[in-house]
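The next block is model_12.cif, given as mmCIF, C-alpha atoms (C1' of nucleotides).
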data_model
loop_
_atom_site.label_atom_id
_atom_site.label_comp_id
_atom_site.auth_asym_id
_atom_site.auth_seq_id
_atom_site.Cartn_x
_atom_site.Cartn_y
_atom_site.Cartn_z
CA MET A 1 35.13 -15.87 41.52
CA LYS A 2 36.06 -12.63 39.90
CA LYS A 3 33.36 -10.04 39.68
CA VAL A 4 32.32 -8.90 36.26
CA LEU A 5 29.64 -6.37 35.57
CA VAL A 6 27.90 -6.65 32.24
CA VAL A 7 25.96 -3.96 30.45
CA ALA A 8 24.36 -5.81 27.60
CA GLY A 9 21.14 -5.43 25.69
CA VAL A 10 19.75 -3.65 22.73
CA THR A 11 21.62 -1.42 20.37
CA GLY A 12 21.04 2.30 20.57
CA VAL A 13 19.54 2.70 24.02
CA GLY A 14 22.57 4.28 25.65
CA LYS A 15 24.63 1.35 26.88
CA SER A 16 27.95 3.09 26.27
CA ALA A 17 27.15 6.14 28.35
CA PHE A 18 25.62 3.97 31.03
CA GLY A 19 28.78 1.88 31.09
CA VAL A 20 30.93 4.94 31.58
CA LYS A 21 28.70 6.12 34.38
CA LEU A 22 28.96 2.78 36.14
CA ALA A 23 32.71 2.66 35.63
CA GLN A 24 33.06 6.03 37.29
CA ARG A 25 30.92 5.11 40.20
CA PHE A 26 32.38 1.66 40.82
CA ASN A 27 35.98 2.19 39.77
CA GLY A 28 35.79 0.13 36.64
CA GLU A 29 37.31 -0.30 33.24
CA ILE A 30 35.30 -1.15 30.19
CA ILE A 31 35.67 -4.07 27.82
CA SER A 32 33.60 -3.58 24.71
CA GLY A 33 31.49 -6.57 23.77
CA ASP A 34 30.82 -5.59 20.22
CA SER A 35 31.74 -7.54 17.13
CA VAL A 36 31.98 -4.51 14.86
CA ALA A 37 33.61 -1.90 17.06
CA VAL A 38 36.73 -4.05 17.20
CA TYR A 39 37.51 -2.85 13.69
CA LYS A 40 39.44 0.35 13.49
CA GLU A 41 37.83 1.45 10.24
CA LEU A 42 34.23 0.90 11.29
CA SER A 43 33.20 3.68 13.62
CA ILE A 44 30.14 5.59 12.55
CA GLY A 45 28.16 2.57 11.46
CA SER A 46 29.04 0.65 14.58
CA ALA A 47 28.02 3.58 16.79
CA LYS A 48 31.41 3.30 18.40
CA ILE A 49 31.96 5.35 21.51
CA LYS A 50 34.06 8.45 20.88
CA THR A 51 37.17 9.20 22.89
CA GLU A 52 35.64 12.29 24.47
CA GLU A 53 32.64 10.27 25.57
CA MET A 54 34.86 7.83 27.42
CA ASP A 55 35.38 10.52 29.98
CA GLY A 56 38.71 9.21 31.14
CA ILE A 57 37.54 5.64 31.59
CA ASN A 58 39.76 2.96 30.10
CA HIS A 59 38.13 1.16 27.21
CA HIS A 60 39.34 -2.14 25.80
CA GLY A 61 38.28 -4.09 22.77
CA ILE A 62 37.79 -1.12 20.51
CA ASP A 63 39.90 -0.62 17.38
CA ILE A 64 41.94 -3.68 18.16
CA VAL A 65 42.06 -5.02 14.61
CA THR A 66 41.93 -3.63 11.11
CA LEU A 67 39.99 -4.86 8.13
CA ASP A 68 43.08 -6.74 7.04
CA ASP A 69 42.26 -9.13 9.83
CA LYS A 70 39.29 -11.20 10.71
CA PHE A 71 38.01 -11.46 14.20
CA SER A 72 35.82 -14.13 15.74
CA VAL A 73 34.18 -15.18 18.96
CA ARG A 74 37.18 -17.17 19.89
CA ASP A 75 39.49 -14.17 19.54
CA PHE A 76 37.11 -12.15 21.60
CA GLN A 77 36.89 -14.75 24.32
CA LYS A 78 40.65 -14.96 24.59
CA TYR A 79 41.09 -11.21 24.57
CA GLY A 80 38.29 -10.58 27.04
CA ARG A 81 39.50 -13.09 29.57
CA ILE A 82 42.95 -11.59 29.58
CA LYS A 83 41.49 -8.14 30.07
CA ILE A 84 39.26 -9.30 32.89
CA ASP A 85 42.30 -10.72 34.67
CA GLU A 86 44.36 -7.60 34.13
CA ILE A 87 41.66 -5.23 35.29
CA THR A 88 40.90 -7.33 38.33
CA GLU A 89 44.58 -7.39 39.25
CA ARG A 90 44.62 -3.62 39.14
CA GLY A 91 41.93 -3.73 41.76
CA LYS A 92 39.30 -2.44 39.42
CA LEU A 93 35.98 -3.75 38.20
CA PRO A 94 35.77 -5.16 34.68
CA ILE A 95 32.62 -3.97 32.93
CA ILE A 96 31.59 -5.60 29.68
CA VAL A 97 29.56 -3.23 27.56
CA GLY A 98 28.07 -4.38 24.32
CA GLY A 99 25.34 -6.06 22.42
CA THR A 100 26.97 -9.01 20.72
CA GLY A 101 25.24 -11.79 22.59
CA LEU A 102 27.37 -14.65 21.43
CA TYR A 103 30.60 -12.87 22.29
CA ILE A 104 29.46 -12.00 25.76
CA ARG A 105 28.10 -15.43 26.44
CA ALA A 106 31.26 -17.11 25.20
CA LEU A 107 33.28 -14.87 27.47
CA LEU A 108 31.22 -15.41 30.57
CA TYR A 109 30.49 -19.10 30.20
CA ASP A 110 32.81 -22.06 29.85
CA TYR A 111 32.56 -22.13 26.10
CA GLU A 112 35.46 -24.07 24.69
CA PHE A 113 36.86 -23.51 21.29
CA GLN A 114 39.64 -25.64 20.01
CA ASP A 115 42.35 -25.36 17.48
CA GLU A 116 41.04 -26.48 14.18
CA GLN A 117 42.97 -27.20 11.10
CA GLU A 118 41.70 -25.76 7.86
CA VAL A 119 39.37 -28.16 6.14
CA ASP A 120 38.59 -28.23 2.49
CA ASN A 121 34.87 -27.64 2.27
CA THR A 122 34.59 -27.06 -1.43
CA TRP A 123 32.90 -30.41 -1.96
CA MET A 124 29.93 -29.00 -0.08
CA ASP A 125 29.36 -26.21 -2.55
CA THR A 126 27.50 -28.35 -5.02
CA MET A 127 25.32 -30.04 -2.42
CA SER A 128 21.79 -28.99 -1.63
CA ASN A 129 20.75 -27.97 1.86
CA GLU A 130 18.95 -31.23 2.23
CA GLU A 131 21.94 -33.32 1.21
CA LEU A 132 24.22 -31.47 3.59
CA HIS A 133 21.76 -31.94 6.38
CA LEU A 134 21.68 -35.63 5.62
CA GLU A 135 25.46 -35.74 5.89
CA LEU A 136 25.21 -34.09 9.28
CA CYS A 137 22.70 -36.71 10.40
CA LYS A 138 25.35 -39.33 9.83
CA VAL A 139 28.09 -37.71 11.89
CA ASP A 140 26.15 -35.76 14.50
CA LEU A 141 22.55 -36.76 14.85
CA GLU A 142 21.79 -34.53 17.81
CA GLN A 143 22.97 -31.39 16.09
CA SER A 144 21.17 -32.33 12.91
CA GLU A 145 17.98 -32.44 14.91
CA MET A 146 18.65 -29.02 16.35
CA ILE A 147 19.71 -27.23 13.21
CA HIS A 148 17.14 -26.59 10.53
CA GLN A 149 18.28 -27.89 7.16
CA ASN A 150 17.84 -24.49 5.55
CA ASN A 151 20.34 -23.03 7.96
CA ARG A 152 23.16 -23.93 5.63
CA LYS A 153 25.84 -21.99 7.44
CA ARG A 154 25.29 -23.73 10.69
CA VAL A 155 24.83 -27.12 9.08
CA ILE A 156 28.19 -26.65 7.38
CA ARG A 157 29.78 -25.50 10.59
CA ALA A 158 28.57 -28.52 12.54
CA LEU A 159 29.66 -30.78 9.72
CA SER A 160 33.10 -29.19 9.63
CA ILE A 161 33.56 -29.63 13.34
CA ALA A 162 32.77 -33.29 13.10
CA ILE A 163 35.12 -33.72 10.17
CA ALA A 164 38.01 -31.58 11.40
CA ASN A 165 38.11 -32.91 14.92
CA GLN A 166 37.87 -36.20 16.60
CA LYS A 167 34.84 -34.97 18.40
CA SER A 168 31.52 -33.84 17.04
CA LYS A 169 29.92 -30.63 18.12
CA THR A 170 27.56 -32.55 20.37
CA GLU A 171 30.44 -34.28 22.11
CA LEU A 172 32.21 -30.98 22.55
CA LEU A 173 29.13 -29.42 24.08
CA ASN A 174 28.69 -32.34 26.42
CA GLU A 175 32.13 -31.74 27.88
CA GLN A 176 31.18 -28.27 28.99
CA LYS A 177 29.31 -27.42 32.15
CA HIS A 178 27.44 -24.46 30.71
CA GLU A 179 28.07 -22.44 33.80
CA LEU A 180 29.15 -18.89 34.42
CA MET A 181 32.87 -18.56 35.05
CA TYR A 182 32.57 -15.28 36.88
CA ASP A 183 30.48 -13.68 39.54
CA ALA A 184 28.62 -11.74 36.91
CA LEU A 185 25.83 -9.26 37.26
CA ILE A 186 24.24 -8.93 33.85
CA LEU A 187 22.28 -5.81 33.13
CA SER A 188 20.33 -5.92 29.92
CA CYS A 189 19.29 -2.54 28.60
CA THR A 190 16.13 -1.99 26.63
CA MET A 191 13.14 0.30 26.33
CA PRO A 192 9.54 0.05 25.10
CA ARG A 193 9.37 -1.08 21.51
CA ASP A 194 7.86 2.05 19.97
CA ALA A 195 10.31 4.41 21.59
CA LEU A 196 13.16 2.10 20.72
CA TYR A 197 12.24 1.95 17.05
CA ASP A 198 11.88 5.72 16.83
CA ARG A 199 15.28 6.12 18.37
CA LEU A 200 16.92 3.64 16.06
CA ASN A 201 15.44 5.26 12.95
CA LEU A 202 16.73 8.63 14.07
CA ARG A 203 20.11 7.24 14.88
CA VAL A 204 20.56 6.00 11.33
CA GLU A 205 19.75 9.45 10.00
CA LYS A 206 22.29 10.88 12.38
CA MET A 207 24.90 8.43 11.14
CA MET A 208 24.30 9.61 7.60
CA LYS A 209 24.91 13.19 8.66
CA ASP A 210 28.07 12.11 10.39
CA GLY A 211 29.47 10.71 7.18
CA LEU A 212 28.49 7.05 7.19
CA LEU A 213 28.45 6.87 3.42
CA GLU A 214 32.07 7.89 3.13
CA GLU A 215 33.10 5.45 5.84
CA VAL A 216 31.33 2.61 4.06
CA ASN A 217 32.88 3.60 0.77
CA GLN A 218 36.38 3.54 2.17
CA ALA A 219 35.89 0.36 4.13
CA SER A 220 34.50 -1.44 1.12
CA GLN A 221 37.55 -0.42 -0.85
CA VAL A 222 40.09 -1.67 1.63
CA ALA A 223 38.23 -4.79 2.74
CA GLY A 224 36.04 -5.69 -0.21
CA TRP A 225 32.36 -6.40 0.16
CA ASP A 226 32.99 -10.02 0.99
CA HIS A 227 34.77 -9.33 4.23
CA PRO A 228 32.64 -10.67 7.11
CA ALA A 229 32.65 -7.29 8.82
CA MET A 230 31.11 -5.73 5.75
CA ALA A 231 28.04 -7.87 6.36
CA ALA A 232 27.29 -5.68 9.34
CA ILE A 233 24.18 -3.56 9.39
CA GLY A 234 24.88 -0.08 8.16
CA TYR A 235 27.45 -1.35 5.71
CA LYS A 236 26.09 -4.17 3.58
CA GLU A 237 22.98 -2.18 2.66
CA PHE A 238 25.04 0.33 0.71
CA ARG A 239 26.63 -2.20 -1.57
CA GLU A 240 23.80 -2.03 -4.10
CA TYR A 241 23.71 1.72 -3.78
CA PHE A 242 27.35 1.97 -4.80
CA GLU A 243 26.68 -0.44 -7.63
CA GLY A 244 23.89 1.83 -8.83
CA LYS A 245 21.14 -0.67 -8.17
CA LEU A 246 19.46 1.00 -5.23
CA SER A 247 18.54 4.55 -4.36
CA LEU A 248 20.14 6.14 -1.35
CA SER A 249 16.86 6.57 0.47
CA ASP A 250 15.99 2.92 -0.08
CA ALA A 251 19.37 1.89 1.25
CA ILE A 252 18.81 4.00 4.33
CA SER A 253 15.38 2.48 4.89
CA LEU A 254 16.95 -0.94 4.73
CA VAL A 255 19.52 0.00 7.33
CA GLN A 256 16.72 1.19 9.55
CA ARG A 257 14.67 -1.92 9.11
CA ASN A 258 17.61 -4.21 9.66
CA THR A 259 18.55 -2.31 12.77
CA ARG A 260 15.05 -2.77 14.14
CA ARG A 261 15.14 -6.47 13.41
CA PHE A 262 18.55 -6.77 14.96
CA ALA A 263 17.33 -5.08 18.10
CA LYS A 264 14.55 -7.61 18.35
CA ARG A 265 16.98 -10.47 17.95
CA GLN A 266 19.10 -9.03 20.72
CA ILE A 267 16.11 -8.87 23.02
CA THR A 268 15.32 -12.50 22.26
CA TRP A 269 18.90 -13.53 22.85
CA PHE A 270 19.35 -11.86 26.20
CA LYS A 271 15.92 -12.95 27.30
CA HIS A 272 16.67 -16.61 26.77
CA GLN A 273 20.41 -17.08 26.79
CA MET A 274 21.49 -15.38 29.98
CA PRO A 275 20.10 -14.48 33.35
CA CYS A 276 19.60 -10.74 33.04
CA ARG A 277 18.38 -7.90 35.13
CA TRP A 278 16.47 -5.89 32.54
CA VAL A 279 16.83 -2.15 32.65
CA ASP A 280 14.35 0.15 30.97
CA MET A 281 16.64 2.93 29.83
CA SER A 282 13.71 5.24 29.21
CA SER A 283 12.90 5.18 32.91
CA GLU A 284 15.23 7.16 35.13
CA GLU A 285 13.74 5.40 38.09
CA ASP A 286 14.55 1.98 36.76
CA VAL A 287 18.07 3.04 35.87
CA SER A 288 18.87 4.38 39.32
CA GLN A 289 17.24 1.36 40.88
CA ALA A 290 19.56 -0.81 38.80
CA ILE A 291 22.56 1.17 39.95
CA GLU A 292 21.51 0.51 43.52
CA GLU A 293 21.41 -3.18 42.78
CA VAL A 294 24.90 -3.03 41.34
CA SER A 295 26.01 -1.35 44.52
CA LEU A 296 24.55 -4.12 46.65
CA TRP A 297 26.10 -6.77 44.46
CA MET A 298 29.49 -5.05 44.78
CA ASN A 299 29.36 -5.28 48.52
CA HIS A 300 28.58 -8.87 49.04
"C1'" G B 1 -19.93 14.31 -22.54
"C1'" G B 2 -17.56 9.67 -25.15
"C1'" G B 3 -14.11 5.38 -24.81
"C1'" G B 4 -10.94 2.19 -21.96
"C1'" G B 5 -8.76 0.26 -17.36
"C1'" G B 6 -9.09 -0.60 -12.20
"C1'" A B 7 -11.00 -1.32 -6.89
"C1'" U B 8 -8.30 -8.21 -3.25
"C1'" A B 9 -6.02 -8.92 4.00
"C1'" G B 10 -1.50 -3.19 7.31
"C1'" C B 11 0.87 -2.06 2.12
"C1'" G B 12 2.18 -3.89 -2.90
"C1'" A B 13 0.37 -7.74 -5.88
"C1'" A B 14 -1.48 -12.85 -7.90
"C1'" G B 15 -5.96 -15.31 -8.51
"C1'" U B 16 -11.03 -14.97 -13.47
"C1'" G B 17 -16.84 -20.63 -11.03
"C1'" G B 18 -15.51 -25.51 -6.53
"C1'" C B 19 -8.74 -28.06 -4.79
"C1'" U B 20 -9.16 -20.20 -1.90
"C1'" A B 21 -9.05 -17.53 4.39
"C1'" A B 22 -7.15 -16.36 -0.68
"C1'" A B 23 -0.07 -17.47 -4.06
"C1'" C B 24 4.07 -14.23 -3.57
"C1'" G B 25 6.77 -9.86 -1.81
"C1'" C B 26 7.11 -6.01 1.89
"C1'" G B 27 6.00 -4.47 6.73
"C1'" G B 28 5.05 -6.64 11.75
"C1'" U B 29 5.26 -10.39 15.85
"C1'" U B 30 7.58 -14.67 18.12
"C1'" G B 31 11.52 -18.00 18.45
"C1'" A B 32 16.46 -20.80 17.61
"C1'" C B 33 21.54 -19.75 18.40
"C1'" U B 34 29.08 -22.54 21.04
"C1'" G B 35 34.44 -19.96 15.58
"C1'" U B 36 30.87 -14.99 9.43
"C1'" A B 37 26.73 -13.54 15.27
"C1'" A B 38 25.24 -6.16 13.38
"C1'" A B 39 25.75 -13.27 10.88
"C1'" U B 40 22.44 -17.38 9.78
"C1'" C B 41 17.80 -19.73 10.20
"C1'" A B 42 12.53 -21.04 11.60
"C1'" A B 43 7.29 -20.11 12.87
"C1'" C B 44 3.15 -16.89 12.96
"C1'" U B 45 0.50 -12.51 10.77
"C1'" C B 46 -8.77 -11.67 8.87
"C1'" U B 47 -11.64 -12.73 13.70
"C1'" C B 48 -12.82 -16.01 17.79
"C1'" C B 49 -14.20 -19.78 23.11
"C1'" C B 50 -8.48 -21.35 17.77
"C1'" U B 51 -6.17 -29.36 16.46
"C1'" G B 52 -12.52 -26.31 15.57
"C1'" A B 53 -15.82 -22.32 14.12
"C1'" G B 54 -17.19 -17.58 12.05
"C1'" U B 55 -17.00 -13.41 8.70
"C1'" U B 56 -14.09 -11.76 3.88
"C1'" C B 57 -11.93 -9.99 -1.89
"C1'" G B 58 -15.33 -1.41 -3.04
"C1'" G B 59 -21.40 -1.21 -1.93
"C1'" C B 60 -26.10 -3.39 -3.10
"C1'" G B 61 -28.90 -6.93 -5.88
"C1'" G B 62 -28.94 -11.26 -9.10
"C1'" U B 63 -27.36 -16.09 -11.79
"C1'" U B 64 -25.63 -20.89 -9.78
"C1'" C B 65 -25.79 -26.87 -5.92
"C1'" G B 66 -21.40 -23.49 -5.37
"C1'" A B 67 -18.73 -16.66 -6.85
"C1'" A B 68 -13.04 -12.80 -5.22
"C1'" U B 69 -14.07 -15.04 -9.96
"C1'" C B 70 -20.37 -14.58 -14.22
"C1'" C B 71 -24.61 -10.63 -14.84
"C1'" G B 72 -26.98 -5.82 -13.36
"C1'" U B 73 -26.46 -1.44 -10.79
"C1'" C B 74 -24.19 2.24 -7.64
"C1'" U B 75 -19.68 4.67 -5.54
"C1'" C B 76 -14.61 5.94 -6.02
"C1'" C B 77 -9.76 6.03 -8.73
"C1'" C B 78 -6.57 6.11 -13.26
"C1'" C B 79 -5.71 6.76 -18.66
"C1'" C B 80 -7.25 8.41 -23.61
"C1'" C B 81 -10.64 11.37 -26.74
"C1'" A B 82 -13.79 15.88 -26.50
#

Output the file's structure in the form of structure tokens.
Amino acid sequence: MKKVLVVAGVTGVGKSAFGVKLAQRFNGEIISGDSVAVYKELSIGSAKIKTEEMDGINHHGIDIVTLDDKFSVRDFQKYGRIKIDEITERGKLPIIVGGTGLYIRALLYDYEFQDEQEVDNTWMDTMSNEELHLELCKVDLEQSEMIHQNNRKRVIRALSIAIANQKSKTELLNEQKHELMYDALILSCTMPRDALYDRLNLRVEKMMKDGLLEEVNQASQVAGWDHPAMAAIGYKEFREYFEGKLSLSDAISLVQRNTRRFAKRQITWFKHQMPCRWVDMSSEEDVSQAIEEVSLWMNH
RNA sequence: GGGGGGAUAGCGAAGUGGCUAAACGCGGUUGACUGUAAAUCAACUCUCCCUGAGUUCGGCGGUUCGAAUCCGUCUCCCCCCA
């Protein structure tokens, strides 16, 4: 199995710099595992690594599409696997750095996405959550038991899968082994909650100084507010501000709050969805200890 | 000095005799997650020995079988008149 090092975890604790450090030490190249940094136009709000910070290390998966396109897990999985192969062939270590849990998991595990034809879902628009959930019960009972009826998006998704394909989502899942496809060492970066929240709040203020508002303004003009990428934290919150319905300071507070919540969701994800070696980024000792462990893993 | 309004859980705010440990919102915590994932959704949030019990609605006292809700009084806050 190919070796893949993963630097996952919470936003804003220094994953990018840590990734570069590891790449230098272990002769690696970095594949970004971030659903927003793929967009060329979204840099400040996505806390995208700057060229000078890359320090000569090759980075993939950044600025690979524009807002004219849409990008999904499946695209990421395809892209990432190709990159892993290429980097490995060059005799270097692929290092995934990012915080988009689903993307990373889909890349590392035997997730299988299939070609789907476009389905007309407009008939669902007029249905209540409960009715849709009932429909799902009919075609995929197991999924209907797992997805809460209020989770309309996921109910619709499961329904669409069952309708568009011969197989239901449950059947699809049953065909997979749910195993890692690589010899992966997964580092998950975090830090104590209080320190983390302070850091995140400050980071948002820094983004504002760096010109986030202008970036959001431009992006919203080229992509429109309905573009999926514009639902990202640090972007969507300014919609009402630009429409004159929200003060700037309120919008900023919302970005901060949403960032905090997001960080918590990331912790939950990595805690339960993947086997991780947690790294407390606020502890130099823990960080260097982790690097030692990477070193050991490299040699066996 | 006179008149009026108000004090409810971390915050904001409903509730004006029993169905109220107290709606709702915010904030917070926990969790779910296979094509929008920085998305979407759920649970919990007075205390405890927590499928039950105990203390709450500015303080004290009273009315009542029963009070956050009624009466008295005290404290503090806001507005208007002087």

- Item | stretch 271-275 of chain A environment, 8 Å, only C-alpha atoms (C1' of nucleotides), sequence neighbours closer than 2 positions dropped, as a list in words |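 Non-adjacent residues within range: Arg105, Ile186, Ile267, Thr268, Trp269 and Arg277 of chain A.
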
- Pull out every residue that the PyMOL selection byres ((chain A) within 8 of (chain B)) matches in the shown coordinates and put them as a PyMOL selection string. chain A and resi 35-36+46+72-74+100-102+106+111-113+148+150-154+173+228-229+231-233+259+262+268

- Query: Which residues come within 12 Å of B:U75, counting all atoms listed in the file, excluding same-chain residues fewer than 3 positions away, as a ChimeraX atom specification?
  - Reply: /B:7,58-60

Write the residues you've just listed into a file as a tab-separated table (two decimals), in the coordinates of the input, and include C-alpha atoms (C1' of nucleotides) for each of them.
chain	number	residue	atom	x	y	z
B	7	A	C1'	-11.00	-1.32	-6.89
B	58	G	C1'	-15.33	-1.41	-3.04
B	59	G	C1'	-21.40	-1.21	-1.93
B	60	C	C1'	-26.10	-3.39	-3.10

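By only C-alpha atoms (C1' of nucleotides), and with residues fewer than 4 positions from A:Asp55 along its chain excluded, the set lying at most 10 Å from it is Ala17, Val20, Lys21, Gln24, Lys50 and Thr51 of chain A.
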
- Message: To one decimal place in Å, what is the distance between atom CA of A:Leu180 and atom CA of A:Asp110?
- Response: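 Between these atoms lies a distance of 6.7 Å.
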
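The interatomic distance for the pair atom C1' of B:C46 and atom CA of A:Arg260 works out to 26.0 Å.
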
- Near-B:U64 list (9 Å; all atoms listed in the file; drop same-chain fewer than 2 positions) as a list in words: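 Using all atoms listed in the file, the neighbours found are G17, G66 and A67 of chain B.
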
Kindly compute an axis-aligned box around the listed atoms of stretch 46-49 of chain B, allowing 6 Å on each side, and express its centre and edge lengths in Å to one decimal as AutoDock Vina command-line options.
--center_x -11.5 --center_y -15.7 --center_z 16.0 --size_x 17.4 --size_y 20.1 --size_z 26.2

- Item | Selection dump of the PyMOL selection byres ((chain A and resi 137) around 12), as a PyMOL selection string | chain A and resi 130-136+138-149+155-156+158-159+162+168+170

Export of prior selection with C-alpha atoms as a short mmCIF file (atom, residue, chain, number, x, y, z; two decimals), in the coordinates of the input:
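Writing done, so here's selection16.cif:
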data_model
loop_
_atom_site.label_atom_id
_atom_site.label_comp_id
_atom_site.auth_asym_id
_atom_site.auth_seq_id
_atom_site.Cartn_x
_atom_site.Cartn_y
_atom_site.Cartn_z
CA GLU A 130 18.95 -31.23 2.23
CA GLU A 131 21.94 -33.32 1.21
CA LEU A 132 24.22 -31.47 3.59
CA HIS A 133 21.76 -31.94 6.38
CA LEU A 134 21.68 -35.63 5.62
CA GLU A 135 25.46 -35.74 5.89
CA LEU A 136 25.21 -34.09 9.28
CA LYS A 138 25.35 -39.33 9.83
CA VAL A 139 28.09 -37.71 11.89
CA ASP A 140 26.15 -35.76 14.50
CA LEU A 141 22.55 -36.76 14.85
CA GLU A 142 21.79 -34.53 17.81
CA GLN A 143 22.97 -31.39 16.09
CA SER A 144 21.17 -32.33 12.91
CA GLU A 145 17.98 -32.44 14.91
CA MET A 146 18.65 -29.02 16.35
CA ILE A 147 19.71 -27.23 13.21
CA HIS A 148 17.14 -26.59 10.53
CA GLN A 149 18.28 -27.89 7.16
CA VAL A 155 24.83 -27.12 9.08
CA ILE A 156 28.19 -26.65 7.38
CA ALA A 158 28.57 -28.52 12.54
CA LEU A 159 29.66 -30.78 9.72
CA ALA A 162 32.77 -33.29 13.10
CA SER A 168 31.52 -33.84 17.04
CA THR A 170 27.56 -32.55 20.37
#

- Just how far from atom CA of A:Glu53 is atom CA of A:Ala195, in Å to one decimal?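 Interatomic distance here is 23.4 Å.
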
- Can you work out which one of A:Gly99, A:Gly19, A:Gly61, A:Gly56 has the shortest atom-to-atom distance to A:Arg265, counting all atoms listed in the file? A:Gly99

- Task: Rank A:Ile31, A:Ile163, A:Leu42, A:Leu254 by their smallest atom-to-atom distance to A:Met230, using only C-alpha atoms, and report the top residue only.
- Result: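 Closest to A:Met230 of all the choices is A:Leu42.
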
- Shell of 10 Å around B:U16, all atoms listed in the file, local chain residues under 3 positions omitted, as a ChimeraX atom specification: /B:68-70

Would you mind completing stretch 185-201 of chain A so that it carries N, CA and C atoms, and writing it out as a CSV table (one decimal), in the coordinates of the input?
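Listing of rebuild-v7.csv after writing:
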chain,number,residue,atom,x,y,z
A,185,LEU,N,27.1,-9.9,37.2
A,185,LEU,CA,25.8,-9.3,37.3
A,185,LEU,C,25.5,-8.7,35.9
A,186,ILE,N,24.5,-9.3,35.2
A,186,ILE,CA,24.2,-8.9,33.8
A,186,ILE,C,23.0,-8.0,33.8
A,187,LEU,N,23.3,-6.8,33.4
A,187,LEU,CA,22.3,-5.8,33.1
A,187,LEU,C,22.0,-5.9,31.6
A,188,SER,N,20.7,-5.9,31.3
A,188,SER,CA,20.3,-5.9,29.9
A,188,SER,C,19.4,-4.7,29.6
A,189,CYS,N,20.0,-3.8,28.8
A,189,CYS,CA,19.3,-2.5,28.6
A,189,CYS,C,18.3,-2.6,27.5
A,190,THR,N,17.1,-2.0,27.7
A,190,THR,CA,16.1,-2.0,26.6
A,190,THR,C,15.2,-0.8,26.9
A,191,MET,N,14.2,-0.7,26.1
A,191,MET,CA,13.1,0.3,26.3
A,191,MET,C,11.9,-0.1,25.5
A,192,PRO,N,10.8,0.5,25.8
A,192,PRO,CA,9.5,0.0,25.1
A,192,PRO,C,9.7,0.1,23.6
A,193,ARG,N,9.1,-0.9,22.9
A,193,ARG,CA,9.4,-1.1,21.5
A,193,ARG,C,9.2,0.2,20.6
A,194,ASP,N,8.1,0.9,20.8
A,194,ASP,CA,7.9,2.0,20.0
A,194,ASP,C,9.0,3.1,20.1
A,195,ALA,N,9.3,3.4,21.3
A,195,ALA,CA,10.3,4.4,21.6
A,195,ALA,C,11.6,3.9,21.0
A,196,LEU,N,11.9,2.7,21.2
A,196,LEU,CA,13.2,2.1,20.7
A,196,LEU,C,13.3,2.3,19.2
A,197,TYR,N,12.2,1.9,18.5
A,197,TYR,CA,12.2,2.0,17.0
A,197,TYR,C,12.4,3.4,16.6
A,198,ASP,N,11.7,4.3,17.2
A,198,ASP,CA,11.9,5.7,16.8
A,198,ASP,C,13.3,6.1,17.0
A,199,ARG,N,13.9,5.8,18.1
A,199,ARG,CA,15.3,6.1,18.4
A,199,ARG,C,16.2,5.5,17.3
A,200,LEU,N,16.0,4.3,17.0
A,200,LEU,CA,16.9,3.6,16.1
A,200,LEU,C,16.8,4.3,14.7
A,201,ASN,N,15.6,4.6,14.3
A,201,ASN,CA,15.4,5.3,13.0
A,201,ASN,C,16.2,6.6,12.9
